[in-house]
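Visitor: Next comes the structure file work.txt, holding compact mmCIF, C-alpha atoms (C1' of nucleotides).
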# COMPACT_ATOMS: atom_id res chain seq x y z
CA MET P 1 0.00 0.00 0.00
CA ALA P 2 2.76 2.37 -0.93
CA ASP P 3 4.24 2.27 2.53
CA ILE P 4 6.82 4.97 2.98
CA LYS P 5 9.73 3.18 4.52
CA ALA P 6 13.46 3.48 4.91
CA PRO P 7 15.95 2.12 2.37
CA THR P 8 17.77 -0.55 4.36
CA ARG P 9 16.58 -3.39 6.50
CA LEU P 10 18.69 -2.23 9.41
CA LEU P 11 17.29 1.26 9.33
CA PHE P 12 13.79 -0.11 8.98
CA LEU P 13 14.18 -2.00 12.23
CA ARG P 14 15.46 1.08 13.97
CA GLU P 15 12.55 3.17 12.75
CA GLU P 16 10.19 0.39 13.75
CA GLU P 17 11.72 0.27 17.20
CA LEU P 18 11.07 3.95 17.73
CA ARG P 19 7.52 3.65 16.45
CA GLN P 20 6.95 0.85 18.92
CA GLY P 21 8.21 3.09 21.67
CA ILE P 22 5.77 5.79 20.66
CA GLU P 23 2.88 3.36 20.54
CA LEU P 24 3.76 1.66 23.79
CA LEU P 25 3.52 5.02 25.48
CA TYR P 26 0.19 5.78 23.84
CA PHE P 27 -1.47 2.44 24.55
CA ALA P 28 -0.03 2.00 28.02
CA TYR P 29 -1.21 5.44 29.05
CA ARG P 30 -4.63 4.91 27.50
CA ASP P 31 -5.17 1.64 29.33
CA PHE P 32 -3.55 2.93 32.49
CA THR P 33 -6.07 5.74 32.88
CA ALA P 34 -9.18 3.85 31.78
CA GLY P 35 -9.78 2.16 35.15
CA PRO P 36 -9.76 5.21 37.41
CA ASP P 37 -11.79 7.16 34.87
CA GLU P 38 -14.72 4.82 35.43
CA ILE P 39 -14.58 5.17 39.19
CA LEU P 40 -14.28 8.93 38.94
CA ALA P 41 -17.35 9.15 36.73
CA GLY P 42 -19.33 7.73 39.65
CA TYR P 43 -18.40 10.79 41.72
CA GLY P 44 -18.96 13.24 38.90
CA PHE P 45 -15.21 13.77 38.78
CA GLY P 46 -12.73 13.53 35.92
CA ARG P 47 -9.11 12.75 35.37
CA ALA P 48 -8.09 16.18 36.55
CA HIS P 49 -9.53 15.44 40.00
CA HIS P 50 -7.53 12.24 40.14
CA ARG P 51 -4.29 14.07 39.45
CA VAL P 52 -4.97 16.56 42.21
CA ILE P 53 -5.97 13.85 44.67
CA TYR P 54 -2.93 11.83 43.74
CA PHE P 55 -0.33 14.53 44.17
CA VAL P 56 -1.82 15.96 47.33
CA GLY P 57 -1.83 12.43 48.73
CA ARG P 58 1.75 12.03 47.68
CA HIS P 59 2.94 15.33 49.15
CA PRO P 60 0.74 16.23 52.10
CA GLY P 61 1.01 19.90 52.97
CA MET P 62 2.03 20.99 49.50
CA THR P 63 1.05 24.46 48.37
CA VAL P 64 -1.15 25.47 45.48
CA SER P 65 1.80 26.70 43.49
CA ASP P 66 3.67 23.44 44.08
CA LEU P 67 0.71 21.72 42.52
CA LEU P 68 0.53 24.14 39.61
CA GLY P 69 4.20 23.47 38.96
CA ILE P 70 3.65 19.74 38.79
CA LEU P 71 0.50 19.76 36.71
CA ARG P 72 1.58 22.56 34.38
CA ILE P 73 -1.90 23.97 34.05
CA THR P 74 -3.24 27.43 34.83
CA LYS P 75 -4.52 28.33 38.24
CA GLN P 76 -7.95 28.93 36.73
CA SER P 77 -8.09 25.34 35.55
CA LEU P 78 -6.81 24.04 38.85
CA SER P 79 -9.13 26.17 40.90
CA ARG P 80 -12.15 24.55 39.32
CA VAL P 81 -11.27 21.02 40.33
CA LEU P 82 -9.54 21.92 43.56
CA GLY P 83 -12.52 24.01 44.59
CA GLN P 84 -14.85 21.08 44.07
CA LEU P 85 -12.61 18.72 46.00
CA VAL P 86 -12.41 21.12 48.94
CA GLU P 87 -16.12 21.84 48.90
CA GLU P 88 -17.03 18.17 48.84
CA GLY P 89 -14.65 17.38 51.67
CA PHE P 90 -11.89 15.42 49.95
CA ILE P 91 -9.17 18.00 50.52
CA GLU P 92 -8.45 20.39 53.38
CA GLN P 93 -6.69 23.72 53.17
CA ARG P 94 -4.90 25.47 55.98
CA ALA P 95 -2.81 28.60 56.03
CA GLY P 96 0.96 28.19 56.01
CA GLU P 97 2.71 28.90 59.29
CA ARG P 98 5.69 30.79 57.99
CA ASP P 99 3.74 32.31 55.12
CA ARG P 100 0.09 32.75 55.84
CA ARG P 101 -0.75 33.49 52.20
CA GLN P 102 -0.10 29.89 51.34
CA ARG P 103 -2.82 27.26 51.39
CA LEU P 104 -1.34 23.97 52.49
CA LEU P 105 -3.24 21.07 50.99
CA THR P 106 -3.91 17.73 52.62
CA LEU P 107 -6.33 14.89 51.99
CA THR P 108 -9.13 14.35 54.45
CA GLU P 109 -9.93 10.80 55.49
CA LYS P 110 -12.52 10.74 52.75
CA GLY P 111 -9.84 11.94 50.35
CA VAL P 112 -7.37 9.29 51.43
CA GLU P 113 -9.96 6.65 50.84
CA LEU P 114 -10.79 7.89 47.37
CA GLU P 115 -7.11 8.13 46.52
CA ARG P 116 -6.59 4.57 47.61
CA GLN P 117 -9.56 3.38 45.61
CA LEU P 118 -8.41 5.23 42.49
CA SER P 119 -4.79 4.26 42.63
CA GLN P 120 -5.38 0.64 43.57
CA ASN P 121 -6.29 -0.19 40.01
CA GLN P 122 -3.14 1.45 38.70
CA ARG P 123 -0.92 -0.06 41.38
CA ASP P 124 -2.29 -3.51 40.57
CA ARG P 125 -1.63 -2.99 36.90
CA ILE P 126 1.91 -1.78 37.48
CA ALA P 127 2.61 -4.51 40.01
CA ARG P 128 1.42 -7.16 37.60
CA ALA P 129 3.58 -5.74 34.82
CA PHE P 130 6.63 -5.47 37.14
CA ARG P 131 6.22 -9.01 38.41
CA GLY P 132 5.73 -10.39 34.92
CA ALA P 133 8.75 -8.61 33.50
CA GLY P 134 11.29 -9.22 36.25
CA ALA P 135 13.59 -6.98 38.28
CA ASP P 136 16.07 -6.25 35.50
CA ALA P 137 13.30 -5.24 33.15
CA VAL P 138 11.91 -2.91 35.80
CA GLU P 139 15.26 -1.23 36.11
CA GLY P 140 15.40 -0.85 32.33
CA PHE P 141 11.90 0.55 32.29
CA ARG P 142 12.91 3.07 34.91
CA ARG P 143 15.98 4.15 32.98
CA VAL P 144 14.17 4.60 29.69
CA MET P 145 11.21 6.41 31.20
CA LEU P 146 13.52 8.75 33.09
CA GLY P 147 15.22 9.53 29.81
CA ILE P 148 11.87 10.49 28.31
CA VAL P 149 10.94 12.83 31.17
CA ASN P 150 12.17 16.40 30.85
CA GLU P 151 15.46 16.91 32.59
CA ASP P 152 14.15 19.42 35.10
CA ASP P 153 11.69 16.89 36.48
CA ARG P 154 14.07 13.98 36.83
CA ALA P 155 15.17 15.01 40.29
CA ARG P 156 11.68 14.04 41.39
CA PHE P 157 12.73 10.43 40.96
CA ASP P 158 16.01 10.68 42.79
CA ARG P 159 16.85 7.36 44.20
CA PRO P 160 15.18 6.54 47.48
CA ARG P 161 14.06 9.80 49.03
CA GLU P 162 11.17 11.92 48.00
CA GLY P 163 11.98 15.35 46.49
CA ARG P 164 10.03 18.15 48.16
CA ALA P 165 6.84 19.02 46.26
CA MET X 1 3.47 15.69 57.92
CA ALA X 2 1.46 12.70 59.01
CA ASP X 3 2.46 10.71 55.99
CA ILE X 4 0.32 7.62 55.59
CA LYS X 5 2.83 4.91 55.02
CA ALA X 6 3.20 1.18 55.32
CA PRO X 7 4.47 -0.60 58.45
CA THR X 8 7.74 -2.14 57.33
CA ARG X 9 10.72 -0.73 55.50
CA LEU X 10 10.53 -3.46 52.87
CA LEU X 11 6.90 -2.82 52.12
CA PHE X 12 7.57 0.89 52.03
CA LEU X 13 10.09 0.43 49.25
CA ARG X 14 7.70 -1.72 47.31
CA GLU X 15 4.92 0.83 47.61
CA GLU X 16 7.37 3.53 46.64
CA GLU X 17 8.44 1.54 43.61
CA LEU X 18 4.87 1.32 42.38
CA ARG X 19 4.28 4.99 42.98
CA GLN X 20 7.35 5.75 40.92
CA GLY X 21 5.96 3.63 38.15
CA ILE X 22 2.72 5.60 38.22
CA GLU X 23 4.53 8.89 38.17
CA LEU X 24 6.95 7.88 35.46
CA LEU X 25 3.99 7.14 33.24
CA TYR X 26 2.36 10.44 34.06
CA PHE X 27 5.42 12.65 33.59
CA ALA X 28 6.76 10.80 30.56
CA TYR X 29 3.43 11.06 28.80
CA ARG X 30 3.03 14.70 29.72
CA ASP X 31 6.46 15.63 28.35
CA PHE X 32 6.11 13.30 25.40
CA THR X 33 3.02 15.07 24.11
CA ALA X 34 4.07 18.64 24.84
CA GLY X 35 6.24 19.05 21.73
CA PRO X 36 3.73 18.02 19.05
CA ASP X 37 1.01 19.99 20.82
CA GLU X 38 2.85 23.20 20.08
CA ILE X 39 3.24 22.42 16.40
CA LEU X 40 -0.37 21.37 16.12
CA ALA X 41 -1.56 24.62 17.63
CA GLY X 42 -0.01 26.39 14.65
CA TYR X 43 -2.37 24.52 12.33
CA GLY X 44 -5.38 24.99 14.57
CA PHE X 45 -5.22 21.29 15.34
CA GLY X 46 -5.12 19.38 18.62
CA ARG X 47 -3.82 16.13 19.97
CA ALA X 48 -6.73 14.24 18.47
CA HIS X 49 -5.62 15.25 14.98
CA HIS X 50 -2.16 13.97 15.75
CA ARG X 51 -3.47 10.57 16.74
CA VAL X 52 -5.46 10.26 13.53
CA ILE X 53 -2.54 11.41 11.38
CA TYR X 54 -0.24 9.06 13.21
CA PHE X 55 -2.29 5.90 12.87
CA VAL X 56 -3.32 6.54 9.30
CA GLY X 57 0.34 7.05 8.48
CA ARG X 58 1.17 3.86 10.26
CA HIS X 59 -1.53 1.80 8.57
CA PRO X 60 -2.23 3.22 5.13
CA GLY X 61 -5.55 2.09 3.76
CA MET X 62 -7.08 1.42 7.15
CA THR X 63 -10.83 1.80 7.50
CA VAL X 64 -12.75 4.19 9.70
CA SER X 65 -13.81 1.41 12.02
CA ASP X 66 -10.21 0.20 12.34
CA LEU X 67 -9.38 3.66 13.53
CA LEU X 68 -12.31 3.79 15.91
CA GLY X 69 -11.15 0.51 17.39
CA ILE X 70 -7.67 1.84 18.04
CA LEU X 71 -8.64 5.21 19.41
CA ARG X 72 -11.59 3.95 21.46
CA ILE X 73 -13.63 7.07 20.88
CA THR X 74 -17.05 7.50 19.31
CA LYS X 75 -17.48 7.99 15.60
CA GLN X 76 -18.97 11.42 16.28
CA SER X 77 -15.75 12.50 17.98
CA LEU X 78 -13.65 11.02 15.24
CA SER X 79 -15.74 12.48 12.47
CA ARG X 80 -15.01 15.98 13.65
CA VAL X 81 -11.24 15.72 13.41
CA LEU X 82 -11.18 13.33 10.48
CA GLY X 83 -13.52 15.62 8.56
CA GLN X 84 -11.20 18.56 9.09
CA LEU X 85 -8.15 16.58 8.04
CA VAL X 86 -9.85 15.42 4.85
CA GLU X 87 -11.20 18.84 4.07
CA GLU X 88 -7.83 20.49 4.54
CA GLY X 89 -6.13 17.92 2.37
CA PHE X 90 -4.06 15.94 4.88
CA ILE X 91 -5.98 12.69 4.44
CA GLU X 92 -7.60 11.04 1.44
CA GLN X 93 -10.53 8.67 1.47
CA ARG X 94 -11.37 6.16 -1.20
CA ALA X 95 -14.01 3.46 -1.34
CA GLY X 96 -12.96 -0.08 -0.50
CA GLU X 97 -12.68 -2.46 -3.43
CA ARG X 98 -14.24 -5.52 -1.88
CA ASP X 99 -16.66 -3.51 0.23
CA ARG X 100 -17.58 -0.17 -1.26
CA ARG X 101 -19.15 1.06 1.98
CA GLN X 102 -15.72 1.31 3.52
CA ARG X 103 -13.65 4.46 3.38
CA LEU X 104 -9.99 3.56 3.15
CA LEU X 105 -7.80 6.24 4.67
CA THR X 106 -4.38 7.34 3.48
CA LEU X 107 -2.20 10.36 4.08
CA THR X 108 -1.68 12.78 1.23
CA GLU X 109 1.81 14.12 0.65
CA LYS X 110 0.87 17.07 2.80
CA GLY X 111 -0.28 14.63 5.45
CA VAL X 112 2.93 12.63 5.31
CA GLU X 113 4.90 15.79 5.79
CA LEU X 114 2.87 16.87 8.79
CA GLU X 115 3.15 13.40 10.30
CA ARG X 116 6.88 13.49 9.92
CA GLN X 117 7.10 16.94 11.46
CA LEU X 118 4.93 15.93 14.39
CA SER X 119 6.56 12.62 15.15
CA GLN X 120 10.11 13.81 14.70
CA ASN X 121 10.07 15.41 18.09
CA GLN X 122 8.81 12.24 19.70
CA ARG X 123 11.17 9.99 17.79
CA ASP X 124 14.08 12.17 18.85
CA ARG X 125 13.01 12.00 22.45
CA ILE X 126 12.58 8.24 22.39
CA ALA X 127 15.83 7.74 20.51
CA ARG X 128 17.70 9.82 23.04
CA ALA X 129 16.19 7.88 25.91
CA PHE X 130 16.93 4.53 24.23
CA ARG X 131 20.52 5.45 23.49
CA GLY X 132 21.08 6.78 26.97
CA ALA X 133 19.63 3.71 28.66
CA GLY X 134 21.20 0.96 26.58
CA ALA X 135 19.85 -2.05 24.70
CA ASP X 136 19.05 -4.16 27.76
CA ALA X 137 17.12 -1.33 29.34
CA VAL X 138 15.13 -0.89 26.14
CA GLU X 139 14.17 -4.54 26.22
CA GLY X 140 13.10 -4.15 29.85
CA PHE X 141 11.10 -1.06 28.99
CA ARG X 142 9.36 -2.99 26.24
CA ARG X 143 8.51 -5.87 28.54
CA VAL X 144 7.11 -3.71 31.30
CA MET X 145 5.12 -1.47 28.98
CA LEU X 146 3.64 -4.48 27.22
CA GLY X 147 2.55 -5.78 30.61
CA ILE X 148 0.75 -2.51 31.25
CA VAL X 149 -1.12 -2.55 27.95
CA ASN X 150 -4.40 -4.46 27.90
CA GLU X 151 -3.96 -8.00 26.79
CA ASP X 152 -6.12 -7.66 23.69
CA ASP X 153 -3.88 -4.95 22.28
CA ARG X 154 -0.57 -6.71 22.88
CA ALA X 155 -0.69 -8.52 19.56
CA ARG X 156 -0.18 -5.11 17.98
CA PHE X 157 3.41 -5.29 19.21
CA ASP X 158 4.14 -8.79 18.01
CA ARG X 159 7.78 -9.11 17.33
CA PRO X 160 8.89 -7.91 13.93
CA ARG X 161 5.87 -7.70 11.66
CA GLU X 162 3.14 -5.17 11.76
CA GLY X 163 -0.30 -6.35 12.82
CA ARG X 164 -3.08 -5.36 10.42
CA ALA X 165 -4.95 -2.24 11.51
C1' DA F 1 -36.98 -8.85 0.24
C1' DA F 2 -35.25 -8.05 4.75
C1' DA F 3 -31.67 -7.40 7.97
C1' DA F 4 -27.18 -6.05 9.20
C1' DT F 5 -23.17 -3.22 8.53
C1' DG F 6 -20.01 0.91 7.49
C1' DA F 7 -20.12 5.48 7.44
C1' DG F 8 -21.85 10.04 8.19
C1' DT F 9 -24.76 13.73 10.36
C1' DC F 10 -27.49 16.76 13.59
C1' DA F 11 -28.16 18.30 18.17
C1' DA F 12 -27.05 18.81 22.84
C1' DC F 13 -24.09 18.37 26.66
C1' DA F 14 -19.73 17.90 29.92
C1' DT F 15 -14.88 18.20 31.01
C1' DG F 16 -10.95 20.52 31.30
C1' DG F 17 -7.70 23.12 29.01
C1' DC F 18 -6.89 28.36 27.79
C1' DT F 19 -6.62 33.96 28.05
C1' DG F 20 -7.41 38.29 30.28
C1' DA F 21 -8.69 41.20 33.91
C1' DC F 22 -9.07 42.04 38.50
C1' DA F 23 -9.22 41.51 43.97
C1' DT F 24 -7.17 40.53 48.38
C1' DA F 25 -4.00 39.48 51.91
C1' DA F 26 0.50 38.90 53.33
C1' DA F 27 5.41 39.25 52.79
C1' DA F 28 9.54 41.53 51.33
C1' DG F 29 12.11 45.52 50.05
C1' DC F 30 13.34 50.24 50.41
C1' DG O 1 6.00 53.14 56.85
C1' DC O 2 5.05 52.90 52.16
C1' DT O 3 5.57 50.33 48.01
C1' DT O 4 6.08 46.41 45.44
C1' DT O 5 5.90 41.70 44.85
C1' DT O 6 3.90 37.26 45.68
C1' DA O 7 0.30 33.56 46.63
C1' DT O 8 -4.13 32.77 45.91
C1' DG O 9 -8.72 33.22 44.25
C1' DT O 10 -12.39 34.68 41.04
C1' DC O 11 -15.31 36.26 37.02
C1' DA O 12 -16.17 35.79 32.24
C1' DG O 13 -15.68 33.71 27.97
C1' DC O 14 -13.48 30.69 24.43
C1' DC O 15 -11.92 26.20 22.45
C1' DA O 16 -10.89 21.19 21.86
C1' DT O 17 -12.54 16.91 22.46
C1' DG O 18 -14.97 13.63 24.66
C1' DT O 19 -20.05 11.83 25.44
C1' DT O 20 -25.30 10.10 24.21
C1' DG O 21 -29.13 9.53 21.20
C1' DA O 22 -31.57 9.57 16.99
C1' DC O 23 -31.44 9.20 12.29
C1' DT O 24 -29.99 8.72 7.05
C1' DC O 25 -27.88 6.39 3.27
C1' DA O 26 -25.54 3.00 0.58
C1' DT O 27 -24.12 -1.48 0.39
C1' DT O 28 -23.55 -6.12 1.73
C1' DT O 29 -25.29 -10.25 3.82
C1' DT O 30 -28.81 -13.45 4.84
Translate this file's structure into structure tokens.
Guide:
Amino acid sequence: MADIKAPTRLLFLREEELRQGIELLYFAYRDFTAGPDEILAGYGFGRAHHRVIYFVGRHPGMTVSDLLGILRITKQSLSRVLGQLVEEGFIEQRAGERDRRQRLLTLTEKGVELERQLSQNQRDRIARAFRGAGADAVEGFRRVMLGIVNEDDRARFDRPREGRA
Amino acid sequence: MADIKAPTRLLFLREEELRQGIELLYFAYRDFTAGPDEILAGYGFGRAHHRVIYFVGRHPGMTVSDLLGILRITKQSLSRVLGQLVEEGFIEQRAGERDRRQRLLTLTEKGVELERQLSQNQRDRIARAFRGAGADAVEGFRRVMLGIVNEDDRARFDRPREGRA
DNA sequence: AAAATGAGTCAACATGGCTGACATAAAAGC
DNA sequence: GCTTTTATGTCAGCCATGTTGACTCATTTT
């Protein structure tokens, strides 16, 4: 079908390898988010709520601007979902001690429970993939994925400890 | 900060490992799509157009329902972006030979060029990550990502050949 | 001839991005 | 102390892209 392909067999394989990488990212992400999306729909929430719940759960006491930095969206977009989550009692805000302009975000018990419910599906999926692939493969996965992430966010994955915000 | 964590050190690491997996997927996908998004904006297109261009480029002559099956969206959603791409001369439709109800999709020259422009960024990023991580890591990446993808889509990645549609 | 299929269309709606303008309280700088 | 900057929130409106439901049309299958 008039496939536009590279001249040599070797180069073809290389190109094919990269295409596979692209598609693995697309399909893995698509399937990875499908589970939580269903649960969220039951609460009238969307994927954006999940991201907020997730990162606040991960970094209790983080500020609004920490969150904006991670999500890379505008504060107007964030405020919509964050506002709902606060209003419906999944997230609590309290003023910062050193800087009282800040709103420190934490999950309520209700929020923790929702986070657990949402992430369980994803953790199961990852755990299954990790177990099936073996420890060396997991290390390879980690290395490749880190290489794909923008340099300025790699510190977030620094070995054992958790990077602030 | 009242971190909710697991009882033992071993279990903590395990939990942390899974969390890292989740976040690697999130950040890698976010950064992976940021480049093309900028280019697309210049054409008045969005990520949905990219996906259509990509898969039609990948599988020339595919049908509309093939595409719907891959993207897992409704035909109404697809028709919007596909219609634009056809109208603006990036994609051509022709009737199927065996079944004249089908619309077989192929990229025009203009479409091929846009596809190349869009994917170049992603290919570069993947290539850089693959080179930096090494061949074994790439194999591990492949194994883990395949484990994350839903079983019914894994055949798409069968070793060397390209699975129809 | 009737039923099923592939594709397209109209209408209405929701989510979650965006820009721009503006308000308020607190902190930092001079 | 006054001014400026910063952290946050808010109003209003726009756009892209997903959804459901109802329907048409041509063609293929039964």
Visitor: With a distance threshold of 8 Å and counting all atoms listed in the file, extract the residues of chain P near chain O and express them as a ChimeraX atom specification.
Guide: /P:64-65,79,101-103
Visitor: What are the residues of chain X that have an atom within 12 Å of an atom of chain F, counting only C-alpha atoms (C1' of nucleotides), as a count of residues only?
Guide: 23
Visitor: When the cut-off is 8 Å and we count all atoms listed in the file, which residues of chain X are near chain P, given as an MDAnalysis selection string?
Guide: chainID X and resid 1:3 18:22 24:29 31:32 60:61 122:123 125:130 132:133 136:150 157
Visitor: What is the CA of Leu118 in chain P-CA of Leu67 in chain X distance in Å, reported with one decimal?
Guide: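 Result for CA of Leu118 in chain P versus CA of Leu67 in chain X: 29.0 Å, one decimal.
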Visitor: Calculate how many Å separate CA of Val81 in chain P from CA of Ala48 in chain P, rounding to one decimal.
Guide: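 Answer for the CA of Val81 in chain P to CA of Ala48 in chain P separation: 6.9 Å.
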Visitor: Could you state the separation of CA of Ile91 in chain X and CA of Ala34 in chain X in Å, given to one decimal place?
Guide: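 So the answer is 23.5 Å.
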Visitor: Using all atoms listed in the file, which protein or nucleic acid residues come within 12 Å of Tyr43 in chain X? Drop anything in the same chain fewer than 6 positions from it, and give the result as a count of residues only.
Guide: 10
